[in-house]
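Visitor: Okay, handing you the structure first.
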Protein chains: 2
Amino acid sequence: MSEPTIHPVILCGGSGTRLWPRSRKAKPKPFLPLVGDRTLFEATLDRWLDEDHFAEPVIVAGSAHIEHIAEQAGEDATVIVEPAAKNTAPAIGLAAALLPKDSIMLVCPSDHHIADSASFTAAARAAAKLAAEDWMVAFGIAPDRPETGYGYIRTGEKIEGGNRVDRFVEKPDRATAERFLAEGGHAWNGGIFAFRAGAFMDELEQHRPAMAEAVRKAVAGGRYEGQQFHPAAEPFADISGESVDYAVMENTTRAAVVPADMGWSDIGNWEALRDARPGDEAGNRTSGQVELVECRNVLVETDGPRVSVIGLDDVIVVVDGDEVLVTSAAGAQLVGKLSGAANQ
Amino acid sequence: MSEPTIHPVILCGGSGTRLWPRSRKAKPKPFLPLVGDRTLFEATLDRWLDEDHFAEPVIVAGSAHIEHIAEQAGEDATVIVEPAAKNTAPAIGLAAALLPKDSIMLVCPSDHHIADSASFTAAARAAAKLAAEDWMVAFGIAPDRPETGYGYIRTGEKIEGGNRVDRFVEKPDRATAERFLAEGGHAWNGGIFAFRAGAFMDELEQHRPAMAEAVRKAVAGGRYEGQQFHPAAEPFADISGESVDYAVMENTTRAAVVPADMGWSDIGNWEALRDARPGDEAGNRTSGQVELVECRNVLVETDGPRVSVIGLDDVIVVVDGDEVLVTSAAGAQLVGKLSGAANQ
């Protein structure tokens with residue numbers, strides 16, 4: 001079988017409130033240069049530049065993001081403008097219903113970091129082959145720590161090019177995560193999937209028929225404005241928001257997983273962002289005018305005022321305009337609950 | 001013997017670089033409201049309001065401080081303007097040479113915090129009685145922790161109204177400080193002294209004759225401008241700067257100490273300032289727009305931007321204009337070495 005062309009589908013959904021105050025409602029996480037000089041969204045686009053394997057990407061985004069997308073992807077990018085934010089299953093459904101049935105979709109968040117592009121491409125090609133055989137394919141990220149912030153995939157029997165999924169596991173507690181790491185056979189669910197468009201719609205029809213119908217109607221009643229596709233709002237309005245994990249992956253009998261060891265991070269909070277950036281010999285990361293004395297493993301960034309830090313380990317300091325955040329690395333997961341982050 | 005009137009002599013000397021960035025060269029530590037609504041200098045003046053015991057204070061200060069003094073003490077305050085900064089012995093000498101010989105001087109820094117004014121007044125009256133008998137009297141602050149940042153006074157034999165000083169001890173290491181605290185018989189040297197003006201000049205003459213002569217000449221050649229006294233600059237220029245501890249207290253045979261348990265702090269760094277302020281039930285102190293989550297014993301103050309802090313203990317965060325300081329409480333002693341503090 002010849003190798004299928006892959007249609008990247010980029011989901012621009014997350015608000016990134018846990019990266020407040022750098023990530024703000026007006027300019028959220030995907031559109032910021034958080035690791036290196038390229039924004040996470042730009043770096044995501046860069047992964048598809050290999051025309052031997054990848055078609056032009058399709059971007060699924062809310063109207064609030066359109067301006068940033070045009071600025072960073074160009075006016076000619078193909079964008080499906082979600083009539084409402086309904087989580088990942090309907091968003092992927094819109095792309096699946098719009099693309100030709102035999103298109104192989106590779107669904108990727110717009111705001112993850114992947115250090116090793118070659119490994120990503122290799123995993124994408126493996127996933128695409130399985131998707132062409134109508135497997136619903138998840139990337140299984142090789143875990144390197146007992147992370148409690150991600151869902152896990154327990155791998156099942158070997159199949160040609162990957163494994164069946166034995167089951168999806170919700171975010172575990174620490175002890176369970178440590179057991180997974182010790183036992184092996186568990187991978188992180190990174191939210192990256194491959195589907196044949198028609199097969200995805202068939203599965204959605206089977207497990208969430210109302211959602212599938214609404215998505216089809218929204219696409220059938222939609223219209224193009226240049227390269228922007230606007231699905232009809234009315235049928236989409238009645239859909240319950242649901243993740244692709246719940247709506248499809250946990251219900252299908254054809255869930256598969258391909259291994260991916262590619263320096264992946266969801267940059268889900270400031271601690272993860274710190275870890276995704278290269279540090280100096282003391283593990284410190286700084287950006288802007290910063291002086292450190294007797295610090296280890298700190299991340300300090302400022303867009304203006306000088307920041308001087310003394311005697312701290314594993315602390316994150318962020319100065320952004322009229323907001324200053326100081327958090328322990330462990331406390332970074334609580335940032336989204338701060339009133340500054342919650343009341344934007 | 002009737003109780004002597006006390007002439008307060010306030011030394012405005014310190015630069016307060018360890019309280020950077022709040023304390024800046026342009027507006028240093030004494031002139032800031034660091035504890036409560038009054039500045040440390042204003043609070044120092046407030047201690048002398050009891051006219052039964054205290055005469056109008058004499059302030060000894062460098063020319064850089066005159067404007068702040070006029071603003072906070074009024075234009076009518078008596079100020080001796082130091083021709084050059086020469087440490088405490090010459091500064092006290094200027095006041096001693098200017099005041100009538102039988103004046104009882106109570107020498108106080110302008111930038112300390114004293115929570116218990118009544119105990120201060122009581123100690124001042126006890127010290128004044130001893131000074132009237134030509135003792136060189138130091139306040140011995142009751143220690144409540146094994147502090148390594150202060151000099152200590154080892155108390156000697158009991159005399160009427162106090163004790164002889166057995167010896168002055170330089171800043172000890174931690175083990176020595178712990179031993180002092182366990183043994184008793186040691187007090188902190190808080191830099192507060194009482195002298196009869198003439199007796200002080202006699203001691204200075206005996207132990208530092210060149211300094212005494214220069215001070216006398218500077219006063220003899222000085223001139224008043226309103227309430228400001230400007231000693232002659234030339235004789236003062238040749239003096240070696242030296243503390244009153246080295247020049248007089250460690251050499252005199254008549255050093256005495258009066259006990260003082262009065263909630264004293266030299267507010268010597270951010271940790272000391274934190275401890276001098278009342279905290280909430282978690283030991284946190286905040287000023288300005290601050291949100292804390294899971295913090296204990298933090299001091300957070302900001303003059304503008306909101307500061308959000310998560311998951312930290314014993315950390316100090318100060319936002320002042322174009323500078324942000326974040327330090328562990330233990331690291332606070334290093335603040336003066338930061339390039340922001342050192343290169344003002």
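Identifiers for the structure tokens are assigned positionally: chains receive A, B, ... in sequence, residues are indexed from 1 per chain, and ligands are indexed from 1 in the order shown.
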Give me, as a ChimeraX atom specification, the residues of region 28-165 of chain A that a backbone DSSP run labels alpha helix (DSSP H).

Guide: /A:40-46,66-73,88-98,117-132

Visitor: Based on the selection just made, write N, CA and C atoms of those residues as a compact mmCIF listing (two decimals), in the first residue's frame.

Guide:
# COMPACT_ATOMS: atom_id res chain seq x y z
N LEU A 40 3.98 28.69 19.87
CA LEU A 40 3.61 27.27 19.85
C LEU A 40 2.82 26.94 18.58
N PHE A 41 1.95 27.86 18.16
CA PHE A 41 1.16 27.65 16.94
C PHE A 41 2.06 27.62 15.70
N GLU A 42 2.98 28.57 15.63
CA GLU A 42 3.92 28.58 14.49
C GLU A 42 4.75 27.30 14.45
N ALA A 43 5.20 26.86 15.63
CA ALA A 43 6.00 25.64 15.68
C ALA A 43 5.17 24.44 15.26
N THR A 44 3.87 24.47 15.59
CA THR A 44 2.97 23.39 15.16
C THR A 44 2.87 23.36 13.64
N LEU A 45 2.72 24.54 13.03
CA LEU A 45 2.67 24.62 11.56
C LEU A 45 3.97 24.13 10.94
N ASP A 46 5.09 24.49 11.60
CA ASP A 46 6.40 24.11 11.06
C ASP A 46 6.53 22.59 10.91
N ILE A 66 -9.10 34.11 15.29
CA ILE A 66 -8.89 34.25 13.85
C ILE A 66 -7.79 35.27 13.52
N GLU A 67 -7.83 36.37 14.24
CA GLU A 67 -6.86 37.43 13.95
C GLU A 67 -5.42 36.95 14.18
N HIS A 68 -5.23 36.24 15.31
CA HIS A 68 -3.89 35.72 15.60
C HIS A 68 -3.46 34.69 14.56
N ILE A 69 -4.42 33.87 14.12
CA ILE A 69 -4.10 32.84 13.13
C ILE A 69 -3.69 33.49 11.82
N ALA A 70 -4.42 34.51 11.38
CA ALA A 70 -4.09 35.20 10.13
C ALA A 70 -2.70 35.81 10.23
N GLU A 71 -2.40 36.35 11.41
CA GLU A 71 -1.11 37.01 11.61
C GLU A 71 0.04 36.00 11.55
N GLN A 72 -0.19 34.82 12.12
CA GLN A 72 0.93 33.87 12.27
C GLN A 72 0.95 32.79 11.18
N ALA A 73 -0.22 32.49 10.59
CA ALA A 73 -0.26 31.44 9.56
C ALA A 73 -0.44 32.03 8.17
N THR A 88 -13.43 18.94 21.96
CA THR A 88 -12.70 18.42 20.80
C THR A 88 -13.52 17.52 19.87
N ALA A 89 -14.48 16.77 20.39
CA ALA A 89 -15.19 15.83 19.51
C ALA A 89 -15.94 16.56 18.39
N PRO A 90 -16.76 17.57 18.71
CA PRO A 90 -17.42 18.31 17.62
C PRO A 90 -16.43 19.05 16.72
N ALA A 91 -15.33 19.57 17.30
CA ALA A 91 -14.35 20.31 16.49
C ALA A 91 -13.72 19.39 15.45
N ILE A 92 -13.35 18.18 15.88
CA ILE A 92 -12.78 17.21 14.94
C ILE A 92 -13.84 16.77 13.93
N GLY A 93 -15.08 16.65 14.44
CA GLY A 93 -16.20 16.27 13.56
C GLY A 93 -16.36 17.25 12.40
N LEU A 94 -16.24 18.54 12.68
CA LEU A 94 -16.37 19.53 11.61
C LEU A 94 -15.33 19.29 10.52
N ALA A 95 -14.10 19.04 10.92
CA ALA A 95 -13.04 18.79 9.93
C ALA A 95 -13.31 17.48 9.19
N ALA A 96 -13.73 16.47 9.94
CA ALA A 96 -13.97 15.16 9.32
C ALA A 96 -15.12 15.22 8.32
N ALA A 97 -16.14 16.01 8.64
CA ALA A 97 -17.29 16.11 7.74
C ALA A 97 -16.98 16.97 6.51
N LEU A 98 -16.03 17.89 6.67
CA LEU A 98 -15.70 18.79 5.56
C LEU A 98 -14.71 18.15 4.58
N SER A 117 11.23 16.76 16.10
CA SER A 117 10.31 16.75 14.96
C SER A 117 10.41 15.46 14.15
N ALA A 118 11.61 14.92 14.03
CA ALA A 118 11.78 13.71 13.23
C ALA A 118 11.01 12.55 13.84
N SER A 119 11.07 12.43 15.17
CA SER A 119 10.33 11.36 15.82
C SER A 119 8.82 11.59 15.68
N PHE A 120 8.44 12.86 15.74
CA PHE A 120 7.02 13.18 15.54
C PHE A 120 6.56 12.72 14.16
N THR A 121 7.35 13.08 13.12
CA THR A 121 6.97 12.71 11.75
C THR A 121 6.89 11.19 11.59
N ALA A 122 7.84 10.49 12.20
CA ALA A 122 7.83 9.02 12.12
C ALA A 122 6.57 8.46 12.77
N ALA A 123 6.20 9.00 13.94
CA ALA A 123 5.00 8.52 14.62
C ALA A 123 3.76 8.86 13.82
N ALA A 124 3.77 10.06 13.20
CA ALA A 124 2.62 10.49 12.40
C ALA A 124 2.42 9.54 11.21
N ARG A 125 3.51 9.14 10.58
CA ARG A 125 3.41 8.23 9.43
C ARG A 125 2.89 6.86 9.86
N ALA A 126 3.37 6.40 11.01
CA ALA A 126 2.89 5.11 11.52
C ALA A 126 1.40 5.19 11.86
N ALA A 127 1.00 6.31 12.48
CA ALA A 127 -0.40 6.49 12.85
C ALA A 127 -1.28 6.56 11.60
N ALA A 128 -0.76 7.25 10.57
CA ALA A 128 -1.54 7.42 9.33
C ALA A 128 -1.81 6.06 8.67
N LYS A 129 -0.81 5.18 8.70
CA LYS A 129 -1.01 3.85 8.09
C LYS A 129 -2.12 3.09 8.80
N LEU A 130 -2.12 3.16 10.13
CA LEU A 130 -3.18 2.49 10.90
C LEU A 130 -4.53 3.15 10.64
N ALA A 131 -4.53 4.47 10.56
CA ALA A 131 -5.79 5.19 10.33
C ALA A 131 -6.38 4.81 8.97
N ALA A 132 -5.50 4.58 8.00
CA ALA A 132 -5.97 4.19 6.67
C ALA A 132 -6.70 2.85 6.72

Visitor: Near region 20-34 of chain B, within 7 Å and counting only C-alpha atoms, which residues show up once chain neighbours fewer than 4 positions away are dropped, as a ChimeraX atom specification?

Guide: /B:15-16,38-41,68,110-111,320,323,335,341,344

Visitor: Can you list every residue of chain A that has an atom at most 9 Å from chain B, with its nearest atom pair and the distance in Å to one decimal, using only C-alpha atoms, ordered by chain then number, as a tab-separated table?

Guide:
residue	atom	partner	partner_atom	distance
A:Glu291	CA	B:Leu338	CA	7.7
A:Leu292	CA	B:Leu338	CA	8.8
A:Val293	CA	B:Leu338	CA	8.1
A:Glu294	CA	B:Gly331	CA	8.5
A:Gly304	CA	B:Asp322	CA	7.6
A:Pro305	CA	B:Asp322	CA	4.5
A:Arg306	CA	B:Glu323	CA	5.0
A:Val307	CA	B:Val324	CA	4.6
A:Ser308	CA	B:Leu325	CA	4.9
A:Val309	CA	B:Val326	CA	4.7
A:Ile310	CA	B:Thr327	CA	4.5
A:Gly311	CA	B:Gly331	CA	5.3
A:Leu312	CA	B:Ser328	CA	6.1
A:Val315	CA	B:Leu312	CA	8.6
A:Val317	CA	B:Val326	CA	8.3
A:Val319	CA	B:Val324	CA	8.6
A:Gly321	CA	B:Pro305	CA	7.7
A:Asp322	CA	B:Pro305	CA	4.5
A:Glu323	CA	B:Arg306	CA	5.0
A:Val324	CA	B:Val307	CA	4.6
A:Leu325	CA	B:Ser308	CA	4.9
A:Val326	CA	B:Val309	CA	4.7
A:Thr327	CA	B:Ile310	CA	4.5
A:Ser328	CA	B:Gly311	CA	5.4
A:Ala329	CA	B:Gly311	CA	8.5
A:Ala330	CA	B:Gly311	CA	7.5
A:Gly331	CA	B:Gly311	CA	5.3
A:Ala332	CA	B:Ile310	CA	7.6
A:Leu334	CA	B:Ile310	CA	7.6
A:Val335	CA	B:Ile310	CA	7.7
A:Leu338	CA	B:Ser308	CA	7.4
A:Ser339	CA	B:Glu291	CA	8.0
A:Gly340	CA	B:Ser308	CA	8.1

Visitor: Env of region 269-286 of chain A: 6 Å cut, atoms = only C-alpha atoms, seq-sep filter 6 positions within chain, self excluded. Answer as a PyMOL selection string.

Guide: chain A and resi 18-19+296-301+329+332

Visitor: Mind checking DSSP for region 60-226 of chain A and telling me the strand (DSSP E) residues as number ranges by chain?

Guide: A: 60-62, 78-82, 104-109, 113-114, 136-141, 152-159, 162-169, 186-196, 223-225

Visitor: Go through B:Asp37, B:Glu213, B:Glu242, B:Asp102 and flag the residue nearest Ala85 (chain B), using only C-alpha atoms for the distances.

Guide: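 That would be B:Glu242, the residue with the smallest distance to Ala85 (chain B).
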
Visitor: Near Val248 (chain A), counting only C-alpha atoms, which residues have an atom at most 12 Å away, once you skip same-chain residues fewer than 2 positions from it, shown as an mmCIF file with N, CA and C atoms, in the first residue's frame?

Guide:
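Output file part-v5.cif follows:
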data_model
loop_
_atom_site.group_PDB
_atom_site.id
_atom_site.type_symbol
_atom_site.label_atom_id
_atom_site.label_comp_id
_atom_site.auth_asym_id
_atom_site.auth_seq_id
_atom_site.Cartn_x
_atom_site.Cartn_y
_atom_site.Cartn_z
ATOM 1 N N THR A 88 -13.430 18.943 21.959
ATOM 2 C CA THR A 88 -12.695 18.422 20.797
ATOM 3 C C THR A 88 -13.518 17.520 19.867
ATOM 4 N N ALA A 89 -14.478 16.768 20.386
ATOM 5 C CA ALA A 89 -15.193 15.829 19.505
ATOM 6 C C ALA A 89 -15.942 16.564 18.389
ATOM 7 N N PRO A 90 -16.760 17.573 18.708
ATOM 8 C CA PRO A 90 -17.418 18.308 17.616
ATOM 9 C C PRO A 90 -16.426 19.054 16.717
ATOM 10 N N ILE A 92 -13.351 18.179 15.883
ATOM 11 C CA ILE A 92 -12.776 17.213 14.937
ATOM 12 C C ILE A 92 -13.844 16.775 13.934
ATOM 13 N N GLY A 93 -15.085 16.647 14.442
ATOM 14 C CA GLY A 93 -16.195 16.274 13.561
ATOM 15 C C GLY A 93 -16.362 17.247 12.405
ATOM 16 N N TRP A 135 -8.426 2.265 11.866
ATOM 17 C CA TRP A 135 -8.188 2.344 13.302
ATOM 18 C C TRP A 135 -8.374 3.796 13.760
ATOM 19 N N MET A 136 -8.856 3.955 14.981
ATOM 20 C CA MET A 136 -8.881 5.272 15.633
ATOM 21 C C MET A 136 -7.582 5.327 16.444
ATOM 22 N N VAL A 137 -6.632 6.140 16.004
ATOM 23 C CA VAL A 137 -5.264 6.012 16.502
ATOM 24 C C VAL A 137 -4.887 7.158 17.441
ATOM 25 N N ALA A 138 -4.414 6.809 18.594
ATOM 26 C CA ALA A 138 -3.888 7.816 19.539
ATOM 27 C C ALA A 138 -2.367 7.724 19.581
ATOM 28 N N PHE A 168 -8.269 3.415 28.264
ATOM 29 C CA PHE A 168 -7.854 4.774 28.618
ATOM 30 C C PHE A 168 -8.042 4.950 30.114
ATOM 31 N N PHE A 193 -4.179 12.521 17.542
ATOM 32 C CA PHE A 193 -4.918 11.373 17.014
ATOM 33 C C PHE A 193 -4.836 11.340 15.496
ATOM 34 N N PHE A 195 -7.120 9.707 12.191
ATOM 35 C CA PHE A 195 -8.374 9.064 11.783
ATOM 36 C C PHE A 195 -8.506 9.180 10.265
ATOM 37 N N ALA A 199 -14.173 7.232 8.522
ATOM 38 C CA ALA A 199 -14.248 6.283 9.636
ATOM 39 C C ALA A 199 -14.587 7.005 10.930
ATOM 40 N N PHE A 200 -14.005 8.207 11.095
ATOM 41 C CA PHE A 200 -14.308 8.974 12.299
ATOM 42 C C PHE A 200 -15.796 9.311 12.348
ATOM 43 N N MET A 201 -16.341 9.743 11.194
ATOM 44 C CA MET A 201 -17.762 10.104 11.178
ATOM 45 C C MET A 201 -18.630 8.873 11.442
ATOM 46 N N ASP A 202 -18.204 7.717 10.938
ATOM 47 C CA ASP A 202 -18.966 6.490 11.211
ATOM 48 C C ASP A 202 -18.984 6.185 12.710
ATOM 49 N N GLU A 203 -17.817 6.323 13.343
ATOM 50 C CA GLU A 203 -17.750 6.044 14.794
ATOM 51 C C GLU A 203 -18.592 7.061 15.565
ATOM 52 N N LEU A 204 -18.510 8.328 15.141
ATOM 53 C CA LEU A 204 -19.275 9.371 15.829
ATOM 54 C C LEU A 204 -20.780 9.082 15.677
ATOM 55 N N GLU A 205 -21.163 8.663 14.467
ATOM 56 C CA GLU A 205 -22.560 8.293 14.176
ATOM 57 C C GLU A 205 -23.021 7.201 15.139
ATOM 58 N N GLN A 206 -22.119 6.220 15.323
ATOM 59 C CA GLN A 206 -22.479 5.055 16.138
ATOM 60 C C GLN A 206 -22.604 5.418 17.622
ATOM 61 N N HIS A 207 -21.622 6.238 18.139
ATOM 62 C CA HIS A 207 -21.570 6.459 19.594
ATOM 63 C C HIS A 207 -22.242 7.760 20.014
ATOM 64 N N ARG A 208 -22.283 8.744 19.119
ATOM 65 C CA ARG A 208 -22.904 10.032 19.439
ATOM 66 C C ARG A 208 -23.713 10.487 18.222
ATOM 67 N N PRO A 209 -24.778 9.798 17.950
ATOM 68 C CA PRO A 209 -25.507 10.081 16.700
ATOM 69 C C PRO A 209 -26.009 11.522 16.606
ATOM 70 N N MET A 211 -24.666 14.177 17.896
ATOM 71 C CA MET A 211 -23.521 15.038 17.599
ATOM 72 C C MET A 211 -23.122 14.895 16.128
ATOM 73 N N ALA A 212 -23.110 13.665 15.639
ATOM 74 C CA ALA A 212 -22.724 13.428 14.240
ATOM 75 C C ALA A 212 -23.693 14.134 13.291
ATOM 76 N N GLU A 242 -18.074 17.830 24.246
ATOM 77 C CA GLU A 242 -17.509 16.584 24.780
ATOM 78 C C GLU A 242 -16.146 16.346 24.129
ATOM 79 N N SER A 243 -15.254 15.756 24.865
ATOM 80 C CA SER A 243 -13.929 15.495 24.305
ATOM 81 C C SER A 243 -13.988 14.286 23.388
ATOM 82 N N VAL A 244 -13.040 14.228 22.476
ATOM 83 C CA VAL A 244 -12.966 13.085 21.566
ATOM 84 C C VAL A 244 -12.647 11.805 22.333
ATOM 85 N N ASP A 245 -11.958 11.965 23.457
ATOM 86 C CA ASP A 245 -11.655 10.791 24.276
ATOM 87 C C ASP A 245 -12.945 10.132 24.752
ATOM 88 N N TYR A 246 -13.821 10.944 25.350
ATOM 89 C CA TYR A 246 -15.082 10.400 25.867
ATOM 90 C C TYR A 246 -16.012 9.951 24.748
ATOM 91 N N GLU A 250 -13.017 6.110 23.851
ATOM 92 C CA GLU A 250 -13.322 5.137 24.899
ATOM 93 C C GLU A 250 -14.450 4.186 24.504
ATOM 94 N N ASN A 251 -15.083 4.468 23.375
ATOM 95 C CA ASN A 251 -16.214 3.639 22.961
ATOM 96 C C ASN A 251 -15.907 2.736 21.771
ATOM 97 N N THR A 252 -15.000 3.170 20.940
ATOM 98 C CA THR A 252 -14.720 2.400 19.733
ATOM 99 C C THR A 252 -14.071 1.056 20.075
ATOM 100 N N THR A 253 -14.315 0.061 19.224
ATOM 101 C CA THR A 253 -13.632 -1.240 19.384
ATOM 102 C C THR A 253 -12.333 -1.255 18.594
ATOM 103 N N ARG A 254 -12.038 -0.161 17.901
ATOM 104 C CA ARG A 254 -10.847 -0.136 17.049
ATOM 105 C C ARG A 254 -9.869 0.959 17.473
ATOM 106 N N ALA A 255 -9.718 1.146 18.784
ATOM 107 C CA ALA A 255 -8.732 2.122 19.263
ATOM 108 C C ALA A 255 -7.342 1.518 19.210
#

Visitor: Given only C-alpha atoms as the basis, pick out the residue of A:Met105, A:Leu49, A:Val215, A:Leu181 nearest to Ala194 (chain A).

Guide: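 Looking only at the distances to Ala194 (chain A), the closest residue turns out to be A:Met105.
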
Visitor: Calculated over only C-alpha atoms, which of the candidates A:Gly184, A:Gly198, A:Gly13, A:Gly336 has the smallest distance to Arg154 (chain A)?

Guide: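 Distance minimum relative to Arg154 (chain A) lands on A:Gly184.
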
Visitor: Given the choices A:Gly14, A:Ala197, A:Asp144, A:Phe139, which gets closest to Ala182 (chain A) if the distance is worked out from only C-alpha atoms?

Guide: A:Asp144

Visitor: Any idea what's packed within 8 Å of Pro259 (chain B), counting only C-alpha atoms, ignoring anything in its chain fewer than 4 positions away? Could you give it as a PDB file with N, CA and C atoms, in the first residue's frame?

Guide:
ATOM      1  N   ALA B 123      13.936  53.013  79.960  1.00  0.00           N
ATOM      2  CA  ALA B 123      15.359  52.700  79.790  1.00  0.00           C
ATOM      3  C   ALA B 123      16.160  53.982  79.564  1.00  0.00           C
ATOM      4  N   PHE B 139      22.492  50.910  75.630  1.00  0.00           N
ATOM      5  CA  PHE B 139      21.271  50.118  75.811  1.00  0.00           C
ATOM      6  C   PHE B 139      21.620  48.654  75.527  1.00  0.00           C
ATOM      7  N   GLY B 140      21.236  47.775  76.429  1.00  0.00           N
ATOM      8  CA  GLY B 140      21.410  46.337  76.190  1.00  0.00           C
ATOM      9  C   GLY B 140      20.050  45.730  75.881  1.00  0.00           C
ATOM     10  N   ILE B 141      19.853  45.391  74.602  1.00  0.00           N
ATOM     11  CA  ILE B 141      18.532  44.912  74.182  1.00  0.00           C
ATOM     12  C   ILE B 141      18.382  43.448  74.565  1.00  0.00           C
ATOM     13  N   ALA B 142      17.282  43.123  75.234  1.00  0.00           N
ATOM     14  CA  ALA B 142      17.034  41.729  75.624  1.00  0.00           C
ATOM     15  C   ALA B 142      16.911  40.867  74.372  1.00  0.00           C
ATOM     16  N   GLY B 162      22.080  49.890  86.799  1.00  0.00           N
ATOM     17  CA  GLY B 162      22.467  49.132  85.608  1.00  0.00           C
ATOM     18  C   GLY B 162      23.597  48.167  85.925  1.00  0.00           C
ATOM     19  N   ALA B 187      23.446  40.821  76.037  1.00  0.00           N
ATOM     20  CA  ALA B 187      22.389  41.625  75.415  1.00  0.00           C
ATOM     21  C   ALA B 187      22.870  42.080  74.044  1.00  0.00           C
TER      22      ALA B 187
END

Visitor: Using only C-alpha atoms, which residues sit within 9 Å of region 53-59 of chain A once same-chain residues fewer than 2 positions away are excluded, as an MDAnalysis selection string?

Guide: chainID A and resid 3:12 45 48:51 61 69 77:81 95 110 121 125

Visitor: Keeping N, CA and C atoms, export the residues of the selection given above as a compact mmCIF listing (two decimals), in the first residue's frame.

Guide:
# COMPACT_ATOMS: atom_id res chain seq x y z
N GLU A 3 1.98 5.07 0.75
CA GLU A 3 1.83 5.80 2.02
C GLU A 3 0.83 6.93 1.85
N PRO A 4 -0.14 7.04 2.75
CA PRO A 4 -1.17 8.07 2.56
C PRO A 4 -0.64 9.47 2.85
N THR A 5 -1.18 10.46 2.14
CA THR A 5 -0.93 11.86 2.49
C THR A 5 -1.70 12.18 3.76
N ILE A 6 -1.07 12.94 4.62
CA ILE A 6 -1.67 13.24 5.93
C ILE A 6 -2.24 14.65 5.90
N HIS A 7 -3.47 14.78 6.33
CA HIS A 7 -4.11 16.11 6.45
C HIS A 7 -4.05 16.57 7.90
N PRO A 8 -3.15 17.48 8.19
CA PRO A 8 -3.07 17.97 9.57
C PRO A 8 -4.34 18.75 9.92
N VAL A 9 -4.88 18.47 11.09
CA VAL A 9 -6.02 19.23 11.63
C VAL A 9 -5.57 19.82 12.96
N ILE A 10 -5.49 21.12 12.99
CA ILE A 10 -4.94 21.79 14.18
C ILE A 10 -6.09 22.38 14.99
N LEU A 11 -6.17 21.96 16.24
CA LEU A 11 -7.23 22.46 17.12
C LEU A 11 -6.70 23.63 17.95
N CYS A 12 -7.28 24.81 17.69
CA CYS A 12 -6.90 26.01 18.48
C CYS A 12 -7.98 26.23 19.52
N LEU A 45 2.72 24.54 13.03
CA LEU A 45 2.67 24.62 11.56
C LEU A 45 3.97 24.13 10.94
N TRP A 48 4.55 20.55 9.73
CA TRP A 48 3.87 20.01 8.55
C TRP A 48 4.54 20.44 7.25
N LEU A 49 5.71 21.03 7.34
CA LEU A 49 6.30 21.61 6.14
C LEU A 49 6.75 20.56 5.12
N ASP A 50 6.88 19.31 5.56
CA ASP A 50 7.37 18.26 4.67
C ASP A 50 6.25 17.84 3.70
N GLU A 51 6.31 18.35 2.45
CA GLU A 51 5.20 18.14 1.50
C GLU A 51 5.11 16.70 0.99
N ALA A 61 -10.81 26.66 14.84
CA ALA A 61 -10.58 27.68 15.87
C ALA A 61 -11.84 28.47 16.12
N ILE A 69 -4.42 33.87 14.12
CA ILE A 69 -4.10 32.84 13.13
C ILE A 69 -3.69 33.49 11.82
N ALA A 77 -4.40 30.56 5.10
CA ALA A 77 -4.58 29.32 5.85
C ALA A 77 -6.05 28.92 5.83
N THR A 78 -6.30 27.64 5.72
CA THR A 78 -7.67 27.13 5.76
C THR A 78 -8.12 27.03 7.21
N VAL A 79 -9.18 27.74 7.54
CA VAL A 79 -9.64 27.78 8.92
C VAL A 79 -11.12 27.43 8.97
N ILE A 80 -11.46 26.47 9.81
CA ILE A 80 -12.87 26.21 10.12
C ILE A 80 -13.18 27.00 11.38
N VAL A 81 -14.11 27.94 11.28
CA VAL A 81 -14.41 28.81 12.41
C VAL A 81 -15.56 28.20 13.21
N ALA A 95 -14.10 19.04 10.92
CA ALA A 95 -13.04 18.79 9.93
C ALA A 95 -13.31 17.48 9.19
N SER A 110 -2.83 22.96 19.07
CA SER A 110 -1.98 24.03 18.54
C SER A 110 -0.96 24.52 19.55
N THR A 121 7.35 13.08 13.12
CA THR A 121 6.97 12.71 11.75
C THR A 121 6.89 11.19 11.59
N ARG A 125 3.51 9.14 10.58
CA ARG A 125 3.41 8.23 9.43
C ARG A 125 2.89 6.86 9.86
